[in-house]
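**Q** Structure incoming, see below.
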Amino acid sequence: MSQVVDVRHRGAYAVWIVALMVYLLAVFHRSSLAVAGLAAAERFDISAAQLATFTMLQLLVYAAMQIPVGLLVDRFGPRRVLLTGALTLTAAQVGFAFADTYVLALVARFFVGMGDAMTFICVLRLVNTWFAPRRIPLISQLTGMVGQLGGALAAVPMTIALGQLGWTRSYLIAASIGIVLSLALVVVVRDAPGTRSVTGPAMSMGHIRATLAASWRQPGTRLGFWTHFSTQFSATTLALLWGYPFFVQGEGLSDHTAGLLLTLMVAVMVVAGPVLGLIIPRHPWHRSTIVLGIIGSIVAVWSAVLAWPGTAPLWLLALLVVVAGVGGPASMIGFDIGRTSNPSDRMASATGIINQGGFIASLVLVVAIGLVLDWRTPGGGSDYTPAAFRWAMSFQYLLWALGITQIWRYRVRARRKIMDEEPEAYGRVRL
């Protein structure tokens, strides 16, 4: 009996590792524009608002695809959807490497967002299938942690590659990794133990609408959505596009130091993920309290940076990326809340709904920063001033205010629902 358990254990980790590498590559492609923002502005001769459109389009496609991808996973299984995502990402980055006009580059980033959207939900589904329930929170946090290493690989190494190899060769090399991982995915990944591919029943539009409505009516799903919304957008916006220009032009740092700060933020995500993965199973009734504390620390440090007379000291900027970095894995708490608030047959739809939260917030912030920078930069162009960046980054307070209000609102509703359905458990529940 123990031998059977050991064989399945090895198989589970092999499936997870290959799927995880595909997710890491997706994060790399998603983040690769962060350090190439200024180069892209020169290559395509575009304004800040047009530059923000790259990330805006990518995030919009990602967010819009979450629920359809969840339904596709239910219908065709995670393996086939994940393979489609990996191939789409590879083709999109090849197109981005050769794009010489703004329109062609936008088309390429559209498909980057589409391929990216097909990865994370698939990996979570494989984790939920292959691992015991008590291990799922930790493995899910490790998934987010390792995936964020893609952001680190898109920081300093991509900066060096762009400087040494140029735009086209740098993005072609990055795209070629997808071919190798696609082959590994075909060979290793299976939808379930003993089954290479699982095909679910066809779903009617009526069934889809009913499933999504039931998931959205669940207060725990909405609490997970606003958790994801409020914790992720600051780090995502820094990592995807505006962190590098903010540190270089807004805070007067060198290119190298700015790249190191972005790498530090990813390193913090790597460390914070497993820590939260160990804490959450031990304190499941205090998840929203932990979330509110993390958001409060992010708001406090951003306030110190924006209020600092002149450029902020390096230690304070380092603290900023540390607290913002913790927000990345903290967003995973939203999925855990959704997992424990919905039946198994609604997990895909609930996960898709929750995963939209942070990317909708990031999308709004990326666009708002670009618009404010153009508004506050005299004469237009890309020579953004520190004052313009302070105006632009202050837009985050509107999103934090909305997110904190909704977290508080829906944790009250979730507690009330528990009190109505399980009154004997209410005294010990703290969502």
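Following the order of the structure tokens, chains are lettered A, B, ..., residues in each are numbered from 1, and ligands are numbered from 1.
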List every residue of region 264-361 of chain A that has an atom at most 10 Å from any atom of region 409-415 of chain A, giving for each one its closest atom pair and the distance in Å to one decimal, counting only C-alpha atoms, sorted by chain and then by ascending residue number, as CSV.

**A**
```
residue,atom,partner,partner_atom,distance
A:Arg287,CA,A:Arg411,CA,9.9
A:Ser288,CA,A:Arg411,CA,7.2
A:Thr289,CA,A:Arg411,CA,9.6
A:Ser341,CA,A:Ala414,CA,9.0
```

**Q** Can you pull out every residue within 10 Å of Leu181 (chain A), counting only C-alpha atoms, but drop anything in the same chain fewer than 6 positions away, and send it as a PyMOL selection string?

**A** chain A and resi 18-19+21-22+25+83+86-87+187

**Q** Take the residues from that selection and write them out as a short mmCIF file (atom, residue, chain, number, x, y, z; two decimals), in the first residue's frame, keeping N, CA, C and O atoms.

**A**
```cif
data_model
loop_
_atom_site.label_atom_id
_atom_site.label_comp_id
_atom_site.auth_asym_id
_atom_site.auth_seq_id
_atom_site.Cartn_x
_atom_site.Cartn_y
_atom_site.Cartn_z
N VAL A 18 6.05 20.31 -14.14
CA VAL A 18 5.99 20.68 -15.56
C VAL A 18 4.93 21.76 -15.78
O VAL A 18 5.18 22.76 -16.47
N ALA A 19 3.76 21.58 -15.19
CA ALA A 19 2.70 22.59 -15.33
C ALA A 19 3.15 23.92 -14.72
O ALA A 19 2.87 24.99 -15.27
N MET A 21 6.20 25.07 -14.56
CA MET A 21 7.16 25.72 -15.44
C MET A 21 6.45 26.47 -16.58
O MET A 21 6.91 27.52 -17.03
N VAL A 22 5.33 25.91 -17.03
CA VAL A 22 4.55 26.62 -18.06
C VAL A 22 3.98 27.91 -17.48
O VAL A 22 4.00 28.97 -18.13
N LEU A 25 6.73 30.46 -17.21
CA LEU A 25 7.00 31.06 -18.51
C LEU A 25 5.93 32.10 -18.86
O LEU A 25 6.24 33.16 -19.43
N LEU A 83 -1.80 23.22 -22.72
CA LEU A 83 -0.99 23.09 -23.93
C LEU A 83 -1.35 24.18 -24.94
O LEU A 83 -0.47 24.79 -25.56
N ALA A 86 0.28 27.40 -23.79
CA ALA A 86 1.72 27.45 -24.02
C ALA A 86 2.05 27.74 -25.48
O ALA A 86 2.93 28.55 -25.79
N LEU A 87 1.35 27.09 -26.40
CA LEU A 87 1.58 27.32 -27.82
C LEU A 87 1.17 28.73 -28.25
O LEU A 87 1.84 29.37 -29.07
N VAL A 187 4.33 15.05 -22.78
CA VAL A 187 4.87 13.77 -22.31
C VAL A 187 4.48 13.48 -20.86
O VAL A 187 4.15 12.35 -20.51
#
```

**Q** With only C-alpha atoms as the counted atoms, please give the residues lying no more than 8 Å from Gly328 (chain A), apart from itself and same-chain residues fewer than 6 positions off, as a compact mmCIF listing (two decimals) with all heavy atoms, in the first residue's frame.

**A**
```txt
# COMPACT_ATOMS: atom_id res chain seq x y z
N THR A 231 -5.16 43.30 -3.02
CA THR A 231 -3.79 42.96 -2.62
C THR A 231 -2.80 42.96 -3.78
O THR A 231 -1.61 43.20 -3.58
CB THR A 231 -3.76 41.57 -1.97
OG1 THR A 231 -4.43 40.63 -2.82
CG2 THR A 231 -4.45 41.59 -0.61
N GLN A 232 -3.27 42.70 -4.99
CA GLN A 232 -2.35 42.40 -6.09
C GLN A 232 -1.93 43.59 -6.93
O GLN A 232 -0.82 43.62 -7.46
CB GLN A 232 -3.00 41.35 -7.01
CG GLN A 232 -2.14 40.95 -8.20
CD GLN A 232 -2.82 39.96 -9.11
OE1 GLN A 232 -3.30 38.94 -8.65
NE2 GLN A 232 -2.88 40.26 -10.39
N ALA A 235 1.72 45.58 -6.76
CA ALA A 235 2.88 44.82 -7.22
C ALA A 235 2.80 44.52 -8.71
O ALA A 235 3.80 44.60 -9.43
CB ALA A 235 3.01 43.52 -6.42
N THR A 236 1.61 44.16 -9.18
CA THR A 236 1.44 43.83 -10.60
C THR A 236 1.77 45.02 -11.49
O THR A 236 2.45 44.88 -12.52
CB THR A 236 0.00 43.36 -10.87
OG1 THR A 236 -0.25 42.18 -10.10
CG2 THR A 236 -0.20 43.04 -12.34
N MET A 269 8.13 37.90 -2.98
CA MET A 269 6.99 37.05 -3.33
C MET A 269 7.34 35.57 -3.13
O MET A 269 6.53 34.79 -2.63
CB MET A 269 6.58 37.29 -4.78
CG MET A 269 6.00 38.66 -5.05
SD MET A 269 5.56 38.84 -6.82
CE MET A 269 4.96 40.52 -6.85
```

**Q** For each of A:Pro329, A:Gly147, A:Pro245, A:Pro133, take the minimum atom-to-atom distance to Thr385 (chain A), counting only C-alpha atoms, then give the residue where this is smallest.

**A**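 Going through A:Pro329, A:Gly147, A:Pro245, A:Pro133 one by one, the smallest distance to Thr385 (chain A) is for A:Pro245.
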
**Q** Once DSSP has gone over the backbone, tell me which residues of region 17-236 of chain A are in helix (DSSP H, G or I), as a PyMOL selection string.

**A** chain A and resi 17-31+37-44+48-76+78-98+102-117+120-130+133-147+149-153+156-165+167-188+205-217+219-236

**Q** Go through A:Ala36, A:Met265, A:Leu20, A:Leu292 one by one, measure the shortest atom-to-atom distance of each to Arg125 (chain A) using only C-alpha atoms, and give the residue with the smallest value.

**A**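 When distances to Arg125 (chain A) are compared using only C-alpha atoms, the smallest one comes from A:Leu20.
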
**Q** Would you mind listing what lies within 8 Å of region 114-121 of chain A as a ChimeraX atom specification, with only C-alpha atoms counted and same-chain residues fewer than 5 positions away left out?

**A** /A:22-23,26-27,30,58,61-63,65-66,69-70,81-82,84-89,348,351-352

**Q** Pick out the closest residue to Ser215 (chain A) from this set: A:Gly370, A:Gly338, A:Pro68, A:Pro309. Count only C-alpha atoms.

**A**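 Counting only C-alpha atoms, the residue closest to Ser215 (chain A) is A:Gly338.
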
**Q** With distances taken over only C-alpha atoms, which residue among A:Thr55, A:Thr237, A:Leu104, A:Arg79 lies nearest Arg196 (chain A)?

**A** A:Arg79

**Q** Identify, on the basis of only C-alpha atoms, every residue whose closest approach to Ile136 (chain A) does not exceed 10 Å; exclude the query and any residue fewer than 6 positions from it along the same chain; express the result as a PyMOL selection string.

**A** chain A and resi 124+127-130+142+277+281+336

**Q** Tell me which of A:Ser140, A:Thr340, A:Gln249, A:Asn355 sits closest to Asp383 (chain A), counting only C-alpha atoms.

**A** A:Gln249

**Q** Given only C-alpha atoms as the basis, pick out the residue of A:Thr257, A:Gln218, A:Ser32, A:Ser197 nearest to Leu314 (chain A).

**A** A:Thr257
